[in-house]
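*Asks:* TSV, C-alpha atoms, saved as final10.tsv, coming up:
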```tsv
chain	number	residue	atom	x	y	z
F	1	MET	CA	-82.48	-69.24	-31.06
F	2	ALA	CA	-82.46	-65.90	-32.86
F	3	ARG	CA	-80.06	-63.24	-31.54
F	4	ALA	CA	-81.81	-60.31	-29.85
F	5	ARG	CA	-81.59	-57.19	-31.96
F	6	ARG	CA	-79.63	-54.38	-30.37
F	7	PRO	CA	-81.70	-51.21	-29.82
F	8	GLU	CA	-81.16	-48.43	-32.32
F	9	ILE	CA	-79.35	-45.30	-31.12
F	10	THR	CA	-81.40	-42.13	-31.48
F	11	GLU	CA	-80.34	-38.48	-31.50
F	12	ARG	CA	-82.19	-37.88	-28.21
F	13	GLN	CA	-79.90	-40.44	-26.52
F	14	LEU	CA	-76.67	-38.78	-27.60
F	15	THR	CA	-75.10	-36.29	-25.20
F	16	GLY	CA	-71.97	-34.19	-24.99
F	17	ILE	CA	-71.90	-32.95	-28.60
F	18	LYS	CA	-71.73	-29.36	-27.34
F	19	TYR	CA	-68.59	-30.24	-25.39
F	20	LEU	CA	-66.91	-31.44	-28.55
F	21	GLU	CA	-67.19	-27.97	-30.13
F	22	ARG	CA	-64.36	-26.87	-27.83
F	23	VAL	CA	-61.93	-29.43	-29.15
F	24	LEU	CA	-62.94	-29.82	-32.81
F	25	PRO	CA	-60.76	-26.86	-33.92
F	26	LEU	CA	-57.77	-28.54	-32.24
F	27	LEU	CA	-58.51	-31.77	-34.10
F	28	GLU	CA	-58.48	-30.09	-37.53
F	29	ARG	CA	-54.69	-30.40	-37.71
F	30	LEU	CA	-55.11	-34.19	-37.80
F	31	ARG	CA	-56.98	-34.16	-41.13
F	32	PRO	CA	-53.91	-34.88	-43.36
F	33	ASP	CA	-52.63	-37.72	-41.14
F	34	GLY	CA	-52.83	-41.16	-42.76
F	35	CYS	CA	-53.65	-39.77	-46.19
F	36	GLN	CA	-50.22	-40.34	-47.75
F	37	ARG	CA	-51.24	-43.58	-49.41
F	38	ASP	CA	-54.64	-42.24	-50.49
F	39	THR	CA	-53.45	-41.30	-53.96
F	40	ALA	CA	-56.96	-41.66	-55.39
F	41	GLY	CA	-58.34	-39.12	-52.92
F	42	ASN	CA	-61.31	-41.28	-51.96
F	43	ARG	CA	-60.76	-41.52	-48.19
F	44	GLN	CA	-64.01	-40.72	-46.37
F	45	LEU	CA	-63.01	-41.19	-42.70
F	46	PHE	CA	-60.28	-38.83	-41.50
F	47	PHE	CA	-58.33	-38.83	-38.25
F	48	ASP	CA	-60.12	-35.79	-36.79
F	49	GLN	CA	-63.52	-37.37	-37.51
F	50	TYR	CA	-62.50	-40.69	-35.98
F	51	CYS	CA	-61.32	-38.93	-32.80
F	52	ALA	CA	-64.54	-36.91	-32.60
F	53	LEU	CA	-66.56	-40.13	-32.75
F	54	LEU	CA	-64.44	-41.62	-29.96
F	55	LEU	CA	-64.97	-38.53	-27.81
F	56	LEU	CA	-68.70	-38.95	-28.37
F	57	PHE	CA	-68.35	-42.56	-27.16
F	58	PHE	CA	-67.08	-41.42	-23.76
F	59	PHE	CA	-70.05	-39.15	-23.11
F	60	ASN	CA	-72.62	-41.78	-24.11
F	61	PRO	CA	-72.95	-45.05	-22.16
F	62	THR	CA	-75.46	-46.23	-24.78
F	63	ILE	CA	-72.53	-46.61	-27.21
F	64	GLN	CA	-70.56	-49.67	-26.09
F	65	SER	CA	-68.78	-50.93	-29.20
F	66	LEU	CA	-67.47	-50.01	-32.63
F	67	ARG	CA	-70.78	-51.24	-34.02
F	68	GLY	CA	-72.61	-48.75	-31.79
F	69	LEU	CA	-70.23	-46.02	-32.92
F	70	GLN	CA	-70.95	-46.90	-36.52
F	71	ARG	CA	-74.71	-46.66	-35.92
F	72	ALA	CA	-74.24	-43.26	-34.24
F	73	SER	CA	-72.45	-42.01	-37.36
F	74	GLU	CA	-75.65	-42.59	-39.34
F	75	LEU	CA	-77.50	-39.89	-37.38
F	76	GLU	CA	-77.97	-36.55	-39.14
F	77	LYS	CA	-77.12	-34.52	-36.03
F	78	VAL	CA	-73.83	-36.35	-35.55
F	79	GLN	CA	-72.89	-35.93	-39.21
F	80	ARG	CA	-73.72	-32.22	-39.09
F	81	LYS	CA	-71.93	-31.41	-35.83
F	82	LEU	CA	-68.84	-33.53	-36.52
F	83	SER	CA	-68.68	-32.70	-40.26
F	84	ALA	CA	-68.51	-36.44	-40.95
F	85	ARG	CA	-70.28	-38.84	-43.24
F	86	ARG	CA	-71.71	-42.20	-42.30
F	87	VAL	CA	-68.77	-44.54	-41.72
F	88	SER	CA	-68.59	-48.27	-42.21
F	89	LEU	CA	-67.46	-50.79	-39.61
F	90	GLY	CA	-64.53	-51.68	-41.87
F	91	SER	CA	-63.36	-48.05	-41.92
F	92	LEU	CA	-63.47	-47.85	-38.12
F	93	SER	CA	-61.49	-51.07	-37.83
F	94	GLU	CA	-58.91	-49.93	-40.39
F	95	ALA	CA	-58.46	-46.51	-38.76
F	96	VAL	CA	-56.39	-47.86	-35.87
F	97	ARG	CA	-53.71	-49.07	-38.31
F	98	VAL	CA	-53.65	-45.90	-40.40
F	99	PHE	CA	-53.55	-42.99	-37.96
F	100	ASP	CA	-50.67	-41.95	-35.70
F	101	PRO	CA	-51.79	-41.76	-32.04
F	102	GLN	CA	-48.80	-39.61	-31.06
F	103	ARG	CA	-50.44	-36.65	-32.80
F	104	LEU	CA	-53.04	-36.70	-30.03
F	105	ALA	CA	-50.35	-36.42	-27.35
F	106	GLU	CA	-49.67	-32.91	-28.70
F	107	ILE	CA	-53.33	-31.96	-28.24
F	108	VAL	CA	-53.36	-33.33	-24.68
F	109	ALA	CA	-50.37	-31.13	-23.82
F	110	GLU	CA	-51.94	-28.10	-25.52
F	111	LEU	CA	-55.25	-28.48	-23.68
F	112	ALA	CA	-53.38	-28.84	-20.38
F	113	GLU	CA	-51.75	-25.46	-21.01
F	114	THR	CA	-55.19	-23.78	-21.10
F	115	LEU	CA	-55.97	-24.75	-17.51
F	116	PRO	CA	-55.78	-21.95	-14.92
F	117	THR	CA	-52.63	-21.69	-12.85
F	118	PRO	CA	-53.41	-22.98	-9.34
F	119	VAL	CA	-52.75	-20.92	-6.25
F	120	PRO	CA	-50.07	-22.63	-4.11
F	121	ILE	CA	-51.45	-23.96	-0.83
F	122	GLY	CA	-49.87	-24.21	2.59
F	123	GLY	CA	-46.08	-24.12	2.57
F	124	LEU	CA	-45.90	-24.60	-1.20
F	125	ALA	CA	-45.90	-20.85	-1.81
F	126	GLY	CA	-42.11	-20.99	-1.66
F	127	LEU	CA	-41.84	-23.96	-4.04
F	128	SER	CA	-41.00	-22.54	-7.46
F	129	GLN	CA	-41.44	-25.85	-9.30
F	130	ILE	CA	-44.69	-27.60	-10.25
F	131	PRO	CA	-45.50	-30.72	-8.17
F	132	THR	CA	-46.00	-33.50	-10.72
F	133	ALA	CA	-46.79	-37.09	-9.76
F	134	VAL	CA	-45.48	-39.73	-12.18
F	135	ASP	CA	-46.66	-43.31	-12.42
F	136	GLY	CA	-47.90	-45.95	-14.85
F	137	THR	CA	-50.94	-48.18	-14.97
F	138	LEU	CA	-51.66	-51.37	-16.88
F	139	LEU	CA	-54.39	-51.55	-19.50
F	140	LYS	CA	-55.58	-54.97	-20.63
F	141	ALA	CA	-57.93	-55.92	-23.40
F	142	LEU	CA	-58.73	-59.25	-21.75
F	143	PRO	CA	-59.65	-60.03	-18.14
F	144	GLN	CA	-56.71	-61.02	-15.97
F	145	ILE	CA	-57.96	-64.58	-15.56
F	146	THR	CA	-58.02	-64.96	-19.35
F	147	GLN	CA	-54.53	-63.52	-19.62
F	148	ALA	CA	-53.35	-66.08	-17.06
F	149	CYS	CA	-54.64	-68.90	-19.26
F	150	TYR	CA	-52.41	-67.63	-22.07
F	151	ALA	CA	-49.29	-66.89	-20.03
F	152	THR	CA	-47.05	-67.65	-23.00
F	153	ARG	CA	-48.56	-64.81	-25.02
F	154	ARG	CA	-46.45	-61.67	-25.31
F	155	ASP	CA	-49.34	-59.22	-25.54
F	156	ALA	CA	-49.84	-58.90	-21.77
F	157	GLY	CA	-51.44	-55.52	-22.31
F	158	TRP	CA	-50.20	-51.94	-22.40
F	159	ARG	CA	-48.89	-49.41	-19.93
F	160	LEU	CA	-50.02	-45.80	-19.66
F	161	HIS	CA	-47.12	-43.60	-18.44
F	162	THR	CA	-48.71	-40.53	-16.88
F	163	HIS	CA	-47.56	-37.14	-15.57
F	164	PHE	CA	-50.19	-35.67	-13.26
F	165	GLU	CA	-50.15	-32.15	-11.80
F	166	VAL	CA	-51.42	-32.59	-8.26
F	167	LEU	CA	-52.47	-28.96	-7.72
F	168	ARG	CA	-54.50	-28.67	-10.92
F	169	GLY	CA	-55.67	-32.26	-10.66
F	170	THR	CA	-55.06	-33.11	-14.29
F	171	VAL	CA	-52.82	-35.04	-16.65
F	172	VAL	CA	-50.26	-32.89	-18.47
F	173	ALA	CA	-48.37	-35.61	-20.38
F	174	ALA	CA	-48.92	-39.28	-21.20
F	175	GLN	CA	-47.46	-42.01	-23.37
F	176	VAL	CA	-48.75	-45.51	-24.15
F	177	THR	CA	-46.25	-48.37	-24.50
F	178	ASP	CA	-46.28	-52.14	-24.22
F	179	ALA	CA	-46.60	-53.58	-20.72
F	180	ARG	CA	-43.20	-55.31	-20.51
F	181	ASN	CA	-41.63	-52.47	-18.48
F	182	SER	CA	-38.19	-53.26	-19.84
F	183	GLY	CA	-35.71	-51.71	-22.25
F	184	PRO	CA	-36.84	-48.45	-23.88
F	185	THR	CA	-40.36	-48.81	-22.44
F	186	ASN	CA	-39.14	-49.15	-18.85
F	187	GLU	CA	-40.89	-46.60	-16.63
F	188	LYS	CA	-37.57	-45.00	-15.64
F	189	ALA	CA	-36.49	-44.70	-19.29
F	190	MET	CA	-39.88	-43.21	-20.19
F	191	LEU	CA	-39.59	-40.59	-17.44
F	192	ARG	CA	-36.11	-39.61	-18.66
F	193	ARG	CA	-37.56	-39.20	-22.15
F	194	MET	CA	-40.45	-37.02	-20.92
F	195	LEU	CA	-38.55	-34.77	-18.50
F	196	GLN	CA	-39.32	-31.04	-18.42
F	197	ALA	CA	-37.73	-28.15	-16.56
F	198	ASP	CA	-39.16	-26.51	-13.42
F	199	ARG	CA	-41.08	-29.53	-12.17
F	200	CYS	CA	-40.91	-31.42	-8.92
F	201	TYR	CA	-41.37	-35.08	-9.85
F	202	ILE	CA	-43.01	-37.17	-7.13
F	203	VAL	CA	-42.37	-40.88	-7.67
F	204	ASP	CA	-42.49	-44.19	-5.84
F	205	ARG	CA	-39.90	-46.96	-5.44
F	206	GLY	CA	-40.27	-48.20	-9.01
F	207	TYR	CA	-38.41	-45.08	-10.19
F	208	GLU	CA	-35.50	-45.50	-7.78
F	209	GLU	CA	-32.37	-45.03	-9.92
F	210	PHE	CA	-29.34	-42.77	-9.45
F	211	ARG	CA	-29.01	-42.19	-13.19
F	212	LEU	CA	-32.61	-40.94	-13.30
F	213	PHE	CA	-32.05	-38.62	-10.33
F	214	ASN	CA	-29.05	-37.12	-12.13
F	215	SER	CA	-31.11	-36.62	-15.30
F	216	ILE	CA	-33.89	-34.84	-13.39
F	217	VAL	CA	-31.40	-32.42	-11.81
F	218	ALA	CA	-29.70	-31.85	-15.19
F	219	ALA	CA	-33.09	-30.98	-16.70
F	220	GLY	CA	-33.55	-28.19	-14.15
F	221	SER	CA	-36.14	-30.01	-12.03
F	222	SER	CA	-36.31	-31.72	-8.65
F	223	TYR	CA	-37.62	-35.00	-7.30
F	224	VAL	CA	-39.15	-36.62	-4.22
F	225	CYS	CA	-38.78	-40.40	-4.34
F	226	ARG	CA	-39.40	-43.23	-1.92
F	227	VAL	CA	-36.42	-45.61	-1.83
F	228	ARG	CA	-35.47	-48.85	-0.11
F	229	ASN	CA	-34.54	-48.63	3.55
F	230	ASP	CA	-31.16	-50.39	3.14
F	231	HIS	CA	-29.34	-47.88	0.89
F	232	ALA	CA	-25.93	-46.72	2.06
F	233	PHE	CA	-25.97	-43.00	2.90
F	234	ALA	CA	-22.93	-40.91	3.77
F	235	VAL	CA	-24.25	-38.29	6.21
F	236	GLU	CA	-22.76	-34.81	5.91
F	237	GLN	CA	-25.30	-32.98	8.08
F	238	SER	CA	-28.09	-34.02	10.45
F	239	ARG	CA	-30.83	-31.41	10.71
F	240	ARG	CA	-32.95	-30.55	13.70
F	241	ILE	CA	-36.53	-31.79	13.38
F	242	GLY	CA	-39.08	-29.05	14.01
F	243	GLU	CA	-42.44	-29.45	15.69
F	244	GLN	CA	-44.39	-29.46	12.40
F	245	ALA	CA	-42.05	-32.04	10.89
F	246	ARG	CA	-42.35	-34.22	13.97
F	247	THR	CA	-46.14	-34.00	13.74
F	248	ALA	CA	-45.86	-35.16	10.12
F	249	GLY	CA	-43.98	-38.26	11.30
F	250	VAL	CA	-40.40	-37.22	10.44
F	251	ILE	CA	-37.84	-38.97	12.64
F	252	GLU	CA	-34.65	-38.29	10.59
F	253	ASP	CA	-33.60	-35.43	8.30
F	254	GLN	CA	-30.09	-35.75	6.89
F	255	VAL	CA	-28.04	-34.27	4.02
F	256	GLY	CA	-25.32	-36.23	2.24
F	257	ARG	CA	-24.69	-38.67	-0.60
F	258	MET	CA	-26.41	-41.97	-1.30
F	259	GLY	CA	-24.71	-45.07	-2.62
F	260	SER	CA	-21.76	-47.14	-1.52
F	261	PRO	CA	-18.41	-45.50	-2.47
F	262	ASN	CA	-16.90	-49.00	-2.86
F	263	SER	CA	-19.16	-49.88	-5.78
F	264	GLN	CA	-17.59	-48.86	-9.09
F	265	ARG	CA	-20.12	-50.57	-11.36
F	266	ILE	CA	-23.05	-48.24	-10.76
F	267	VAL	CA	-23.69	-44.57	-11.53
F	268	HIS	CA	-23.54	-42.49	-8.36
F	269	PRO	CA	-25.50	-39.29	-7.65
F	270	ASP	CA	-23.66	-36.21	-8.89
F	271	HIS	CA	-25.46	-33.87	-6.49
F	272	THR	CA	-26.10	-33.47	-2.78
F	273	MET	CA	-29.15	-35.39	-1.59
F	274	ARG	CA	-31.46	-35.21	1.37
F	275	ARG	CA	-32.73	-38.29	3.19
F	276	ILE	CA	-35.92	-38.02	5.25
F	277	VAL	CA	-37.27	-40.93	7.28
F	278	VAL	CA	-41.00	-40.85	8.06
F	279	ARG	CA	-42.69	-43.12	10.58
F	280	VAL	CA	-46.23	-43.95	9.49
F	281	PRO	CA	-48.93	-46.25	10.91
F	282	ILE	CA	-49.62	-49.53	9.15
F	283	HIS	CA	-53.14	-49.83	7.78
F	284	PRO	CA	-55.32	-51.73	10.29
F	285	LYS	CA	-56.57	-54.09	7.56
F	286	ARG	CA	-53.07	-55.39	6.86
F	287	ARG	CA	-52.91	-58.97	8.06
F	288	GLY	CA	-50.46	-60.13	10.67
F	289	LYS	CA	-49.82	-56.66	12.10
F	290	PRO	CA	-50.91	-55.69	15.63
F	291	PRO	CA	-53.00	-52.54	16.19
F	292	GLY	CA	-50.88	-49.41	16.30
F	293	ALA	CA	-47.97	-50.95	14.39
F	294	THR	CA	-45.78	-48.58	12.36
F	295	HIS	CA	-43.14	-48.76	9.67
F	296	ASP	CA	-40.58	-46.31	8.28
F	297	LEU	CA	-40.62	-44.76	4.80
F	298	VAL	CA	-37.38	-43.35	3.39
F	299	LEU	CA	-37.72	-40.37	1.03
F	300	VAL	CA	-34.84	-38.82	-0.92
F	301	THR	CA	-34.88	-35.46	-2.65
F	302	ASN	CA	-32.61	-32.73	-3.96
F	303	LEU	CA	-34.81	-30.05	-2.35
F	304	LEU	CA	-32.45	-28.95	0.42
F	305	ASP	CA	-34.24	-25.78	1.57
F	306	VAL	CA	-37.85	-26.99	1.69
F	307	PRO	CA	-39.22	-27.86	5.16
F	308	ALA	CA	-39.32	-31.60	5.85
F	309	GLU	CA	-43.08	-31.58	6.48
F	310	ILE	CA	-43.63	-30.19	2.96
F	311	ILE	CA	-41.53	-33.01	1.48
F	312	VAL	CA	-43.77	-35.49	3.32
F	313	ALA	CA	-46.91	-33.71	2.06
F	314	LEU	CA	-45.60	-33.82	-1.52
F	315	TYR	CA	-45.12	-37.57	-1.33
F	316	ARG	CA	-48.58	-38.08	0.15
F	317	TRP	CA	-50.08	-36.16	-2.77
F	318	ARG	CA	-48.60	-38.76	-5.10
F	319	TRP	CA	-51.65	-40.90	-4.32
F	320	LEU	CA	-53.82	-38.44	-6.26
F	321	ILE	CA	-52.54	-40.07	-9.44
F	322	GLU	CA	-53.88	-43.42	-8.20
F	323	LEU	CA	-57.30	-41.82	-7.74
F	324	PHE	CA	-57.06	-40.49	-11.29
F	325	PHE	CA	-56.31	-43.97	-12.63
F	326	ARG	CA	-59.41	-45.25	-10.87
F	327	PHE	CA	-61.50	-42.44	-12.42
F	328	PHE	CA	-59.92	-43.09	-15.81
F	329	LYS	CA	-60.70	-46.80	-15.80
F	330	HIS	CA	-63.95	-47.12	-13.91
F	331	VAL	CA	-65.77	-43.81	-14.52
F	332	LEU	CA	-64.69	-43.10	-18.10
F	333	GLY	CA	-64.90	-46.83	-18.83
F	334	CYS	CA	-61.36	-47.43	-20.05
F	335	THR	CA	-61.48	-50.98	-18.74
F	336	HIS	CA	-63.52	-51.60	-21.91
F	337	LEU	CA	-61.22	-51.24	-24.91
F	338	LEU	CA	-62.69	-50.74	-28.36
F	339	SER	CA	-59.61	-52.16	-30.04
F	340	GLU	CA	-56.86	-54.64	-29.19
F	341	ASP	CA	-54.52	-53.04	-31.71
F	342	PRO	CA	-51.77	-51.01	-29.96
F	343	GLY	CA	-52.48	-47.99	-32.15
F	344	GLY	CA	-56.23	-48.20	-31.52
F	345	LEU	CA	-55.69	-48.52	-27.79
F	346	ALA	CA	-53.39	-45.48	-27.74
F	347	ILE	CA	-55.94	-43.39	-29.66
F	348	GLN	CA	-58.71	-44.38	-27.22
F	349	VAL	CA	-56.52	-43.56	-24.22
F	350	TYR	CA	-55.53	-40.14	-25.55
F	351	CYS	CA	-59.17	-39.36	-26.36
F	352	ALA	CA	-60.11	-40.30	-22.78
F	353	LEU	CA	-57.46	-37.90	-21.49
F	354	ILE	CA	-58.90	-35.19	-23.75
F	355	VAL	CA	-62.34	-35.82	-22.19
F	356	CYS	CA	-60.82	-35.30	-18.72
F	357	LEU	CA	-59.26	-32.04	-19.83
F	358	LEU	CA	-62.46	-30.86	-21.53
F	359	ILE	CA	-64.38	-31.33	-18.29
F	360	ASN	CA	-61.61	-29.56	-16.42
F	361	VAL	CA	-61.48	-26.59	-18.81
F	362	ALA	CA	-65.27	-26.22	-19.17
F	363	THR	CA	-66.18	-26.50	-15.48
F	364	GLY	CA	-63.07	-25.25	-13.72
F	365	ARG	CA	-63.29	-28.35	-11.51
F	366	LYS	CA	-61.08	-31.35	-11.14
F	367	PRO	CA	-62.37	-34.28	-13.23
F	368	ASN	CA	-63.91	-36.64	-10.69
F	369	ARG	CA	-66.97	-38.86	-10.66
F	370	ALA	CA	-69.29	-36.13	-9.35
F	371	THR	CA	-68.23	-33.69	-12.09
F	372	PHE	CA	-68.60	-36.28	-14.83
F	373	GLU	CA	-72.01	-37.43	-13.60
F	374	ILE	CA	-73.58	-33.96	-13.32
F	375	VAL	CA	-72.25	-32.93	-16.73
F	376	CYS	CA	-73.67	-36.06	-18.38
F	377	LEU	CA	-77.04	-35.62	-16.58
F	378	PHE	CA	-77.17	-32.04	-17.84
F	379	PHE	CA	-76.58	-33.08	-21.43
F	380	GLN	CA	-79.16	-35.85	-21.13
F	381	GLY	CA	-81.75	-33.32	-20.04
F	382	TRP	CA	-82.21	-34.60	-16.48
F	383	ALA	CA	-80.48	-31.60	-14.85
F	384	THR	CA	-81.19	-27.93	-15.54
F	385	GLU	CA	-78.44	-25.37	-16.06
F	386	SER	CA	-79.08	-23.87	-12.62
F	387	GLU	CA	-78.83	-27.33	-11.03
F	388	LEU	CA	-75.60	-27.94	-12.93
F	389	LEU	CA	-74.09	-24.68	-11.68
F	390	ALA	CA	-75.28	-25.33	-8.13
F	391	GLN	CA	-73.68	-28.79	-8.12
F	392	LEU	CA	-70.42	-27.50	-9.59
F	393	ALA	CA	-70.28	-24.77	-6.94
F	394	ARG	CA	-70.04	-27.47	-4.28
F	395	LEU	CA	-67.05	-29.13	-5.96
F	396	PRO	CA	-63.43	-28.09	-5.28
F	397	ARG	CA	-61.86	-25.67	-7.73
F	398	HIS	CA	-58.29	-25.80	-9.05
F	399	ASP	CA	-57.07	-23.41	-6.39
F	400	GLN	CA	-58.48	-25.47	-3.54
F	401	SER	CA	-56.91	-28.51	-1.94
```
Take the structure in the file and write it out as structure tokens.
*Replies:*
Amino acid sequence: MARARRPEITERQLTGIKYLERVLPLLERLRPDGCQRDTAGNRQLFFDQYCALLLLFFFNPTIQSLRGLQRASELEKVQRKLSARRVSLGSLSEAVRVFDPQRLAEIVAELAETLPTPVPIGGLAGLSQIPTAVDGTLLKALPQITQACYATRRDAGWRLHTHFEVLRGTVVAAQVTDARNSGPTNEKAMLRRMLQADRCYIVDRGYEEFRLFNSIVAAGSSYVCRVRNDHAFAVEQSRRIGEQARTAGVIEDQVGRMGSPNSQRIVHPDHTMRRIVVRVPIHPKRRGKPPGATHDLVLVTNLLDVPAEIIVALYRWRWLIELFFRFFKHVLGCTHLLSEDPGGLAIQVYCALIVCLLINVATGRKPNRATFEIVCLFFQGWATESELLAQLARLPRHDQS
């Protein structure tokens, strides 16, 4: 039985080229990358052109593979706008082993700096540091059931380590590593490597480590971290719980030092810590728990002068990074990887982050499904400019919670 011929991609089907004009000047610096071994000077696909084609892929659901990307490169409009020639499938496949994906991390950080500064909300007006949620997510080239069949394989996928500003609703730093979560690619080691000053890092139990807490304080930042309930804590002061804190679920607010003084084999905190216990309801869908059941979360921080209810709110905002991961995978389509090569995966991930930032910069809105859909409908010709602006006006801006 003959294989059905894939439909040709036409210029009318391609959208989002106008968006790329914002980022093409930033990509120009990538042109020399990977050209060191091209002594004959006959390279025809350069790093900036390859990235521009990948960005085009994210705005066009009709392009679903490298083959589709190669066919798009044959179109005159694409060649003119991206200043690229027609590329072969072999060149696209080779590109992931030639170009350095870390060069794109610089562009992600630079684009993030162009976002407007958000107006602090609620009690955060007194918080001088930037609330930044930190977490990682797994990226797999094969479905999980297939990975389970090859459990002896070492390529279990990759991990995207992400720093997400909760007020601006955008990624400000990211690194792609293997998925082993051990040694130099451990999530705690990666956070230590990516630390910046004047940030409040909001993390979950996977980042619980005294050495990391010390590093954050030494970098001139702060942290809010959920920890295990059984840690030893030497109480130096028990604080009165105000009405707002009690409404937020706070049942204990203490200042002191964490860690057993009898243990000499571990690094102890070198600063005063604050321990806040929050009583929260258990989700009704959780099996085996009666209606109205609760459990206690223990948060530690070095923010000694911030109200306890604000500490609780900061930790709750950590879940915004989980919503971003969902958008990243299921709206931008990063569950479908164009390459299984680690370098190719990293390039695709960084380009996806650039798409998020482009939407953020161009619309002034947080990159969610509604923003992405209306922008794509506008470029496809289904929505007018007035309809685009009307839809965007209904979406939350950076300075809104």
*Asks:* Do you know which residues lie at most 6 Å from (-24.0, -35.9, -2.2), with coordinates as in the file and only C-alpha atoms counted, and could you write them as a VMD selection string?
*Replies:* chain F and resid 256 to 257 271 to 273
*Asks:* Those same residues, written as a PDB file, keeping the file's coordinate frame with C-alpha atoms?
*Replies:*
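The file below, result-v3.pdb, is the result:
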```
ATOM      1  CA  GLY F 256     -25.320 -36.230   2.240  1.00  0.00           C
ATOM      2  CA  ARG F 257     -24.690 -38.670  -0.600  1.00  0.00           C
ATOM      3  CA  HIS F 271     -25.460 -33.870  -6.490  1.00  0.00           C
ATOM      4  CA  THR F 272     -26.100 -33.470  -2.780  1.00  0.00           C
ATOM      5  CA  MET F 273     -29.150 -35.390  -1.590  1.00  0.00           C
TER       6      MET F 273
END
```
*Asks:* So that I can check the surroundings of range 88-95 of chain F, please list as an MDAnalysis selection string every protein, DNA and RNA residue that reaches within 12 Å of it, counting only C-alpha atoms and ignoring chain neighbours fewer than 4 positions away.
*Replies:* chainID F and resid 33:35 43:51 53:54 65:74 84 99:101 338:345 347:348
*Asks:* May I have the residues within 12 Å of Glu322 in chain F as number ranges by chain, using only C-alpha atoms and disregarding those fewer than 2 positions away in the same chain?
*Replies:* F: 133-138, 162-164, 166, 169, 171, 203-204, 316-320, 324-329
*Asks:* Under the rule that all atoms listed in the file are counted, which of F:Lys188, F:Arg29, F:Arg193, F:Arg159 is the nearest residue to Arg211 in chain F?
*Replies:*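 The shortest atom-to-atom distance to Arg211 in chain F comes from F:Lys188.
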*Asks:* For Ala189 in chain F, which of F:Gly292, F:Gly206, F:Pro131, F:Pro269 is the closest residue, counting all atoms listed in the file?
*Replies:* F:Gly206
*Asks:* Could I get range 317-355 of chain F from the block written out with C-alpha atoms, as a PDB file, in the first residue's frame?
*Replies:*
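This is the output file part_2.pdb:
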```pdb
ATOM      1  CA  TRP F 317       2.670  31.237  44.288  1.00  0.00           C
ATOM      2  CA  ARG F 318       5.278  28.556  43.678  1.00  0.00           C
ATOM      3  CA  TRP F 319       2.553  26.590  41.893  1.00  0.00           C
ATOM      4  CA  LEU F 320       2.592  29.159  39.084  1.00  0.00           C
ATOM      5  CA  ILE F 321       5.722  27.458  37.784  1.00  0.00           C
ATOM      6  CA  GLU F 322       3.773  24.195  37.524  1.00  0.00           C
ATOM      7  CA  LEU F 323       1.167  25.985  35.398  1.00  0.00           C
ATOM      8  CA  PHE F 324       3.982  27.291  33.210  1.00  0.00           C
ATOM      9  CA  PHE F 325       5.335  23.772  32.701  1.00  0.00           C
ATOM     10  CA  ARG F 326       1.881  22.679  31.587  1.00  0.00           C
ATOM     11  CA  PHE F 327       1.708  25.593  29.114  1.00  0.00           C
ATOM     12  CA  PHE F 328       5.238  24.852  27.930  1.00  0.00           C
ATOM     13  CA  LYS F 329       4.558  21.192  27.219  1.00  0.00           C
ATOM     14  CA  HIS F 330       0.941  21.059  26.118  1.00  0.00           C
ATOM     15  CA  VAL F 331       0.286  24.465  24.507  1.00  0.00           C
ATOM     16  CA  LEU F 332       3.665  25.107  22.884  1.00  0.00           C
ATOM     17  CA  GLY F 333       3.908  21.397  22.078  1.00  0.00           C
ATOM     18  CA  CYS F 334       7.185  20.597  23.815  1.00  0.00           C
ATOM     19  CA  THR F 335       6.009  17.063  24.481  1.00  0.00           C
ATOM     20  CA  HIS F 336       6.917  16.555  20.797  1.00  0.00           C
ATOM     21  CA  LEU F 337      10.691  16.774  20.447  1.00  0.00           C
ATOM     22  CA  LEU F 338      12.231  17.360  17.039  1.00  0.00           C
ATOM     23  CA  SER F 339      15.504  15.765  18.086  1.00  0.00           C
ATOM     24  CA  GLU F 340      16.647  13.138  20.576  1.00  0.00           C
ATOM     25  CA  ASP F 341      20.151  14.600  20.624  1.00  0.00           C
ATOM     26  CA  PRO F 342      20.822  16.468  23.913  1.00  0.00           C
ATOM     27  CA  GLY F 343      22.058  19.527  22.023  1.00  0.00           C
ATOM     28  CA  GLY F 344      19.041  19.524  19.707  1.00  0.00           C
ATOM     29  CA  LEU F 345      16.660  19.180  22.628  1.00  0.00           C
ATOM     30  CA  ALA F 346      18.315  22.084  24.462  1.00  0.00           C
ATOM     31  CA  ILE F 347      18.065  24.313  21.382  1.00  0.00           C
ATOM     32  CA  GLN F 348      14.360  23.482  20.979  1.00  0.00           C
ATOM     33  CA  VAL F 349      13.687  24.185  24.663  1.00  0.00           C
ATOM     34  CA  TYR F 350      15.468  27.542  24.610  1.00  0.00           C
ATOM     35  CA  CYS F 351      13.609  28.527  21.438  1.00  0.00           C
ATOM     36  CA  ALA F 352      10.314  27.642  23.146  1.00  0.00           C
ATOM     37  CA  LEU F 353      11.273  29.895  26.062  1.00  0.00           C
ATOM     38  CA  ILE F 354      12.048  32.675  23.579  1.00  0.00           C
ATOM     39  CA  VAL F 355       8.540  32.243  22.108  1.00  0.00           C
TER      40      VAL F 355
END
```
